[in-house]
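Q: This is the structure I want to talk about, given as C-alpha cells.
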Amino acid sequence: MILTITNTKGGVGKTTTAVNVAAGLARKGRRTLLVDLDPQAHATRCFLEETPERDATDLIMDKPGMAARAVTPTDLAELDVVAASGRLNETAELLATRIRREERLARALERIREDYRYVVIDCPPSLGILTHNGIVAADLLLVPVQPGAGAVSGIRVLLDAAGELRDEDDVPFRILVTMLDLRTSRTNALFDELLQDVRKHLLRTFVARSESINQANLAARPVLLSAPSSRGAWDYESLCDEIVRLRVPTPA
Ligand SMILES: Nc1ncnc2c1ncn2[C@@H]1O[C@H](COP(=O)(O)OP(=O)(O)OP(=O)(O)O)[C@@H](O)[C@H]1O
Ligand SMILES: [Mg+2]
C-alpha cells in the first residue's frame, strides 16, 4: 500500500508521522520504503547519517527501470529509504517542461512496490509538483491535521486538487489528528467541526502533543526508536496498529 502523508499546511506533523509510521511498520516486520519528497530532508536525516549518492531526484527523473538504484538501506532490517536533498528544488524546475510530469513518481514506484508491503511518502508543505507526484502515486492519502483555524478548509483545498490530479471524485483519504491538546477549548471547538465534516474519514488514533515527540524530533530520531515507552511512541504504535488493519481498495 502506498501511503502519502500530505497537507499543504506547514508544521502539522507530516514528517513526524512519516518517520514514525515507517519505523513502526518496519518494526512490525512489514517491509517498508520511506520516500522523502521534501528538499529539507528532515525525514531522511532520521535514518541516514550520510547523504547517499542517489536520491528522490533520481527516482523521479531517471527512467522507471532505474528506480531500485535510488533506494538506500537503513539500520532497520525491514526499512529502506529514498533520500531527499536540496536537489529536489531543481527537480521541480526541470519537470516544468515534461509531459505527464505528475505521474513520474507513480511510474517509478510501479517497478519497486512489489518489494514492499508499505511505501510511505513524506511531502513538502506546498501543493507544487513534488506533492502532485506524491498524490498521484498514493493508494491512500494520510492527512495530518492540527486542530486550529483553517484546518478543515485546508483539507478541502487539498482534496479538490487531489481529485483533479487523479481525475477521481472520491480520492481515498484518512485524517489523523496530531498535536492534540485536550485541555484547550479551541481544540474542542475545532475538533467538533472536523468531526462533522469528515467524520467517516477520521482515524481512530489521535496523536497527542507531547514533549517526548518534540525531543525526538530535535535529535532527528523517530520517537518510536528513541523513547519507546513514552506517550508519543505509544500513540504512533497505535497508529501503526490501525494502519495494518486498514483495508483500502487498490485502484484498478
Ligand atoms: N505530537 C507532537 N507533539 C509535540 N510536538 C510535535 C508533535 N508533532 C510534531 N511536533 C513538532 O512540531 C514541529 C513540526 O512537526 P513536523 O516537522 O513533523 O511537521 P511537518 O508538517 O512535517 O512540517 P513541514 O510542513 O515544515 O514539513 C516540529 O518541531 C515537531 O517537533
Ligand atoms: Mg515535514
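FYI, nothing fancy with the C-alpha cells labels: chains A, B, ... in order, residues from 1 per chain, ligands from 1 as they appear.
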Give the residue list for ligand 1 at 10 Å, counting only C-alpha atoms and all ligand atoms, as a short mmCIF file (atom, residue, chain, number, x, y, z; two decimals) with N, CA and C atoms, in the first residue's frame, sorted by chain and then by residue number.

A:
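For reference, result-v1.cif as written:
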```cif
data_model
loop_
_atom_site.label_atom_id
_atom_site.label_comp_id
_atom_site.auth_asym_id
_atom_site.auth_seq_id
_atom_site.Cartn_x
_atom_site.Cartn_y
_atom_site.Cartn_z
N ILE A 5 1.68 11.03 2.87
CA ILE A 5 1.38 11.89 4.01
C ILE A 5 1.48 13.33 3.56
N THR A 6 0.37 14.01 3.52
CA THR A 6 0.38 15.33 2.91
C THR A 6 -0.65 16.26 3.54
N ASN A 7 -0.29 17.54 3.56
CA ASN A 7 -1.18 18.62 3.96
C ASN A 7 -0.45 19.87 3.51
N THR A 8 -1.17 20.79 2.87
CA THR A 8 -0.48 21.98 2.36
C THR A 8 -0.06 22.89 3.51
N LYS A 9 -0.66 22.68 4.66
CA LYS A 9 -0.25 23.47 5.83
C LYS A 9 1.10 23.00 6.35
N GLY A 10 1.94 23.93 6.74
CA GLY A 10 3.25 23.56 7.29
C GLY A 10 3.16 23.26 8.78
N GLY A 11 4.09 22.45 9.25
CA GLY A 11 4.24 22.22 10.68
C GLY A 11 3.08 21.51 11.36
N VAL A 12 2.38 20.63 10.63
CA VAL A 12 1.25 19.92 11.25
C VAL A 12 1.61 18.50 11.70
N GLY A 13 2.87 18.11 11.49
CA GLY A 13 3.28 16.77 11.91
C GLY A 13 3.41 15.76 10.79
N LYS A 14 3.53 16.22 9.56
CA LYS A 14 3.68 15.29 8.42
C LYS A 14 4.93 14.43 8.57
N THR A 15 6.05 15.11 8.75
CA THR A 15 7.32 14.37 8.79
C THR A 15 7.41 13.48 10.03
N THR A 16 6.94 13.99 11.16
CA THR A 16 6.92 13.18 12.38
C THR A 16 6.11 11.91 12.14
N THR A 17 4.98 12.07 11.48
CA THR A 17 4.13 10.91 11.19
C THR A 17 4.81 9.98 10.20
N ALA A 18 5.41 10.53 9.17
CA ALA A 18 6.06 9.69 8.15
C ALA A 18 7.17 8.83 8.77
N VAL A 19 8.02 9.44 9.58
CA VAL A 19 9.16 8.68 10.10
C VAL A 19 8.72 7.64 11.13
N ASN A 20 7.71 7.98 11.93
CA ASN A 20 7.27 7.03 12.95
C ASN A 20 6.42 5.91 12.37
N LEU A 37 10.11 13.41 -0.06
CA LEU A 37 9.98 14.36 -1.19
C LEU A 37 10.22 15.80 -0.76
N ASP A 38 10.63 16.01 0.50
CA ASP A 38 10.83 17.38 0.96
C ASP A 38 12.31 17.76 0.88
N PRO A 39 12.65 18.79 0.09
CA PRO A 39 14.05 19.18 -0.05
C PRO A 39 14.73 19.48 1.29
N GLN A 40 13.94 19.76 2.33
CA GLN A 40 14.54 19.98 3.66
C GLN A 40 15.13 18.70 4.24
N ALA A 41 14.65 17.55 3.76
CA ALA A 41 15.22 16.23 4.10
C ALA A 41 15.20 15.87 5.58
N HIS A 42 14.23 16.37 6.32
CA HIS A 42 14.17 16.03 7.75
C HIS A 42 13.91 14.54 7.97
N ALA A 43 13.04 13.96 7.18
CA ALA A 43 12.74 12.52 7.33
C ALA A 43 14.00 11.70 7.03
N ASP A 122 6.65 11.16 2.34
CA ASP A 122 6.56 12.44 3.06
C ASP A 122 6.63 13.59 2.06
N CYS A 123 5.62 14.47 2.09
CA CYS A 123 5.55 15.59 1.13
C CYS A 123 5.96 16.91 1.77
N PRO A 124 6.43 17.85 0.94
CA PRO A 124 6.71 19.20 1.45
C PRO A 124 5.38 19.95 1.69
N PRO A 125 5.43 21.04 2.45
CA PRO A 125 4.20 21.77 2.77
C PRO A 125 3.72 22.72 1.68
N SER A 126 3.60 22.26 0.46
CA SER A 126 3.08 23.12 -0.61
C SER A 126 2.43 22.21 -1.63
N VAL A 143 -3.75 12.50 5.91
CA VAL A 143 -3.67 13.96 6.09
C VAL A 143 -3.60 14.29 7.58
N PRO A 144 -2.41 14.64 8.08
CA PRO A 144 -2.33 15.05 9.49
C PRO A 144 -2.93 16.45 9.62
N VAL A 145 -3.76 16.65 10.62
CA VAL A 145 -4.28 17.99 10.89
C VAL A 145 -4.06 18.32 12.35
N GLN A 146 -3.74 19.57 12.55
CA GLN A 146 -3.58 20.07 13.90
C GLN A 146 -4.82 20.90 14.15
N VAL A 177 -5.54 13.28 13.47
CA VAL A 177 -5.41 14.46 14.33
C VAL A 177 -4.10 14.37 15.10
N THR A 178 -3.26 15.39 14.91
CA THR A 178 -1.96 15.39 15.58
C THR A 178 -1.88 16.57 16.54
N MET A 179 -0.90 16.51 17.40
CA MET A 179 -0.62 17.58 18.37
C MET A 179 -1.89 17.99 19.11
N LEU A 180 -2.67 16.98 19.47
CA LEU A 180 -3.93 17.23 20.15
C LEU A 180 -3.66 17.62 21.60
N ASP A 181 -4.31 18.70 22.00
CA ASP A 181 -4.20 19.14 23.38
C ASP A 181 -5.61 19.25 23.93
N PHE A 206 -5.47 9.20 17.78
CA PHE A 206 -5.03 10.60 17.78
C PHE A 206 -3.60 10.63 18.32
N VAL A 207 -2.85 11.60 17.83
CA VAL A 207 -1.51 11.78 18.40
C VAL A 207 -1.54 13.03 19.28
N ALA A 208 -1.28 12.84 20.56
CA ALA A 208 -1.31 13.97 21.50
C ALA A 208 -0.04 14.82 21.34
N ARG A 209 -0.17 16.08 21.71
CA ARG A 209 1.03 16.91 21.80
C ARG A 209 1.87 16.35 22.95
N SER A 210 3.12 16.06 22.68
CA SER A 210 3.94 15.51 23.77
C SER A 210 5.38 15.96 23.66
N GLU A 211 5.98 16.15 24.82
CA GLU A 211 7.37 16.58 24.87
C GLU A 211 8.29 15.49 24.32
N SER A 212 7.89 14.23 24.49
CA SER A 212 8.75 13.14 24.00
C SER A 212 8.93 13.24 22.49
N ILE A 213 7.85 13.61 21.78
CA ILE A 213 7.95 13.73 20.32
C ILE A 213 8.82 14.92 19.95
N ASN A 214 8.62 16.01 20.66
CA ASN A 214 9.42 17.19 20.39
C ASN A 214 10.92 16.91 20.57
N GLN A 215 11.25 16.24 21.67
CA GLN A 215 12.65 15.91 21.95
C GLN A 215 13.22 14.98 20.87
N ALA A 216 12.44 14.00 20.48
CA ALA A 216 12.90 13.05 19.46
C ALA A 216 13.17 13.78 18.15
N ASN A 217 12.28 14.71 17.79
CA ASN A 217 12.48 15.45 16.54
C ASN A 217 13.73 16.31 16.60
N LEU A 218 13.98 16.91 17.76
CA LEU A 218 15.18 17.73 17.89
C LEU A 218 16.43 16.87 17.69
N ALA A 219 16.36 15.62 18.11
CA ALA A 219 17.50 14.72 17.97
C ALA A 219 17.46 13.99 16.61
N ALA A 220 16.50 14.34 15.75
CA ALA A 220 16.34 13.69 14.44
C ALA A 220 16.23 12.16 14.56
N VAL A 223 10.43 8.93 17.53
CA VAL A 223 10.21 8.73 18.97
C VAL A 223 10.02 7.23 19.27
N ARG A 231 4.76 8.46 25.85
CA ARG A 231 3.40 8.68 25.34
C ARG A 231 3.41 8.80 23.81
N GLY A 232 4.38 9.54 23.29
CA GLY A 232 4.45 9.75 21.84
C GLY A 232 4.63 8.44 21.10
N ALA A 233 5.51 7.59 21.62
CA ALA A 233 5.75 6.30 20.97
C ALA A 233 4.48 5.45 21.02
N ASP A 235 1.38 6.50 21.07
CA ASP A 235 0.41 6.99 20.08
C ASP A 235 0.75 6.48 18.67
N TYR A 236 2.02 6.57 18.31
CA TYR A 236 2.39 6.15 16.96
C TYR A 236 2.33 4.63 16.79
#
```

Q: Taking only C-alpha atoms into account, produce a table as CSV in which each residue of range 109-221 of chain A with an atom at most 10 Å from an atom of range 67-85 of chain A appears once, together with its shortest atom pair and the distance in Å to one decimal, ordered by chain and rising number.

A:
```
residue,atom,partner,partner_atom,distance
A:Leu109,CA,A:Ala67,CA,7.0
A:Glu110,CA,A:Ala67,CA,9.0
A:Arg111,CA,A:Ala67,CA,6.7
A:Ile112,CA,A:Ala68,CA,6.4
A:Arg113,CA,A:Ala68,CA,9.9
A:Asp115,CA,A:Ala68,CA,9.8
A:Tyr116,CA,A:Glu78,CA,9.0
A:Arg117,CA,A:Glu78,CA,9.9
A:Tyr118,CA,A:Leu79,CA,9.7
A:Val119,CA,A:Asp80,CA,9.5
A:Val120,CA,A:Val81,CA,9.4
A:Ile121,CA,A:Val82,CA,9.4
A:Asp122,CA,A:Ala84,CA,9.8
```

Q: Only C-alpha atoms, please: the residues just picked out, written as a PDB file, in the first residue's frame.

A:
```pdb
ATOM      1  CA  LEU A 109       7.305   3.124  -7.841  1.00  0.00           C
ATOM      2  CA  GLU A 110       5.431   0.621 -10.001  1.00  0.00           C
ATOM      3  CA  ARG A 111       8.799  -1.027 -10.619  1.00  0.00           C
ATOM      4  CA  ILE A 112       9.709  -1.472  -6.950  1.00  0.00           C
ATOM      5  CA  ARG A 113       6.454  -1.541  -4.980  1.00  0.00           C
ATOM      6  CA  ASP A 115       9.332  -5.433  -2.922  1.00  0.00           C
ATOM      7  CA  TYR A 116       7.479  -3.644  -0.116  1.00  0.00           C
ATOM      8  CA  ARG A 117       4.347  -4.132   1.931  1.00  0.00           C
ATOM      9  CA  TYR A 118       4.174  -0.355   2.557  1.00  0.00           C
ATOM     10  CA  VAL A 119       5.550   2.715   0.818  1.00  0.00           C
ATOM     11  CA  VAL A 120       5.334   5.859   2.984  1.00  0.00           C
ATOM     12  CA  ILE A 121       5.781   9.199   1.191  1.00  0.00           C
ATOM     13  CA  ASP A 122       6.559  12.442   3.063  1.00  0.00           C
TER      14      ASP A 122
END
```

Q: Tell me, in Å to one decimal, how far CA of Ala106 in chain A is from CA of Ala137 in chain A.

A: 4.2 Å

Q: Enumerate, as number ranges by chain, the complete set of residues in range 16-236 of chain A that a backbone-based DSSP assignment places in strand (DSSP E or B).

A: A: 32-36, 72-73, 79-82, 118-122, 140-145, 173-180, 202-208

Q: Write to file, as a short mmCIF file (atom, residue, chain, number, x, y, z; two decimals), in the first residue's frame, the residues of the selection just made, with N, CA and C atoms.

A:
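Contents of the output file result_26.cif:
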```
data_model
loop_
_atom_site.label_atom_id
_atom_site.label_comp_id
_atom_site.auth_asym_id
_atom_site.auth_seq_id
_atom_site.Cartn_x
_atom_site.Cartn_y
_atom_site.Cartn_z
N THR A 32 9.14 -2.05 4.41
CA THR A 32 8.65 -0.68 4.19
C THR A 32 9.70 0.18 3.48
N LEU A 33 9.20 1.05 2.60
CA LEU A 33 10.06 2.03 1.92
C LEU A 33 9.56 3.43 2.27
N LEU A 34 10.45 4.27 2.79
CA LEU A 34 10.11 5.67 3.07
C LEU A 34 10.66 6.53 1.93
N VAL A 35 9.80 7.30 1.28
CA VAL A 35 10.24 8.19 0.20
C VAL A 35 10.12 9.62 0.70
N ASP A 36 11.24 10.33 0.75
CA ASP A 36 11.26 11.71 1.25
C ASP A 36 11.22 12.67 0.07
N THR A 72 18.12 3.40 -0.60
CA THR A 72 19.23 3.20 0.34
C THR A 72 18.73 2.40 1.54
N PRO A 73 19.45 1.35 1.96
CA PRO A 73 19.03 0.61 3.16
C PRO A 73 19.28 1.42 4.43
N LEU A 79 13.44 -1.66 6.74
CA LEU A 79 13.19 -0.31 6.23
C LEU A 79 14.26 0.18 5.26
N ASP A 80 13.81 0.58 4.07
CA ASP A 80 14.67 1.27 3.11
C ASP A 80 14.17 2.70 2.94
N VAL A 81 15.06 3.57 2.44
CA VAL A 81 14.71 4.97 2.28
C VAL A 81 15.09 5.43 0.87
N VAL A 82 14.23 6.27 0.28
CA VAL A 82 14.67 7.06 -0.87
C VAL A 82 14.88 8.47 -0.31
N TYR A 118 4.60 -1.76 2.47
CA TYR A 118 4.17 -0.36 2.56
C TYR A 118 5.21 0.58 1.96
N VAL A 119 4.71 1.60 1.24
CA VAL A 119 5.55 2.71 0.82
C VAL A 119 4.97 3.95 1.49
N VAL A 120 5.79 4.67 2.26
CA VAL A 120 5.33 5.86 2.98
C VAL A 120 6.02 7.07 2.35
N ILE A 121 5.22 8.03 1.88
CA ILE A 121 5.78 9.20 1.19
C ILE A 121 5.57 10.46 2.02
N ASP A 122 6.65 11.16 2.34
CA ASP A 122 6.56 12.44 3.06
C ASP A 122 6.63 13.59 2.06
N LEU A 140 -3.58 5.73 -0.72
CA LEU A 140 -4.33 6.40 0.34
C LEU A 140 -3.58 7.66 0.76
N LEU A 141 -4.31 8.78 0.85
CA LEU A 141 -3.70 9.99 1.40
C LEU A 141 -3.93 9.97 2.91
N LEU A 142 -2.87 10.25 3.64
CA LEU A 142 -2.98 10.36 5.10
C LEU A 142 -2.73 11.82 5.42
N VAL A 143 -3.75 12.50 5.91
CA VAL A 143 -3.67 13.96 6.09
C VAL A 143 -3.60 14.29 7.58
N PRO A 144 -2.41 14.64 8.08
CA PRO A 144 -2.33 15.05 9.49
C PRO A 144 -2.93 16.45 9.62
N VAL A 145 -3.76 16.65 10.62
CA VAL A 145 -4.28 17.99 10.89
C VAL A 145 -4.06 18.32 12.35
N PHE A 173 -8.86 8.88 1.37
CA PHE A 173 -8.04 9.60 2.34
C PHE A 173 -8.48 9.30 3.77
N ARG A 174 -7.57 9.51 4.70
CA ARG A 174 -7.87 9.42 6.13
C ARG A 174 -7.25 10.62 6.80
N ILE A 175 -7.89 11.07 7.86
CA ILE A 175 -7.39 12.23 8.60
C ILE A 175 -6.83 11.77 9.94
N LEU A 176 -5.66 12.27 10.23
CA LEU A 176 -5.02 11.97 11.52
C LEU A 176 -4.92 13.26 12.33
N VAL A 177 -5.54 13.28 13.47
CA VAL A 177 -5.41 14.46 14.33
C VAL A 177 -4.10 14.37 15.10
N THR A 178 -3.26 15.39 14.91
CA THR A 178 -1.96 15.39 15.58
C THR A 178 -1.88 16.57 16.54
N MET A 179 -0.90 16.51 17.40
CA MET A 179 -0.62 17.58 18.37
C MET A 179 -1.89 17.99 19.11
N LEU A 180 -2.67 16.98 19.47
CA LEU A 180 -3.93 17.23 20.15
C LEU A 180 -3.66 17.62 21.60
N LEU A 202 -12.01 9.99 9.58
CA LEU A 202 -11.11 10.24 10.70
C LEU A 202 -10.54 8.93 11.25
N LEU A 203 -9.25 8.88 11.43
CA LEU A 203 -8.65 7.70 12.05
C LEU A 203 -9.00 7.68 13.54
N ARG A 204 -9.11 6.48 14.08
CA ARG A 204 -9.47 6.37 15.50
C ARG A 204 -8.34 6.84 16.40
N THR A 205 -7.11 6.64 15.96
CA THR A 205 -5.96 7.05 16.75
C THR A 205 -5.73 8.56 16.65
N PHE A 206 -5.47 9.20 17.78
CA PHE A 206 -5.03 10.60 17.78
C PHE A 206 -3.60 10.63 18.32
N VAL A 207 -2.85 11.60 17.83
CA VAL A 207 -1.51 11.78 18.40
C VAL A 207 -1.54 13.03 19.28
N ALA A 208 -1.28 12.84 20.56
CA ALA A 208 -1.31 13.97 21.50
C ALA A 208 -0.04 14.82 21.34
#
```

Q: Excluding Val244 in chain A and residues on its chain fewer than 4 positions from it, collect all residues at most 9 Å away from it, counting only C-alpha atoms, and give them as a list in words.

A: Leu25, Leu239 and Cys240 of chain A

Q: Between A:Arg87, A:Arg245, A:Arg27, A:Arg104, which has the minimum distance to Asp62 in chain A (counting only C-alpha atoms)?

A: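 Among A:Arg87, A:Arg245, A:Arg27, A:Arg104, it is A:Arg104 that comes nearest to Asp62 in chain A.
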
Q: Rounded to one decimal, what separation in Å do you get between CA of Ala56 in chain A and CA of Leu88 in chain A?

A: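 Atom-to-atom, CA of Ala56 in chain A and CA of Leu88 in chain A are spaced 7.3 Å apart.
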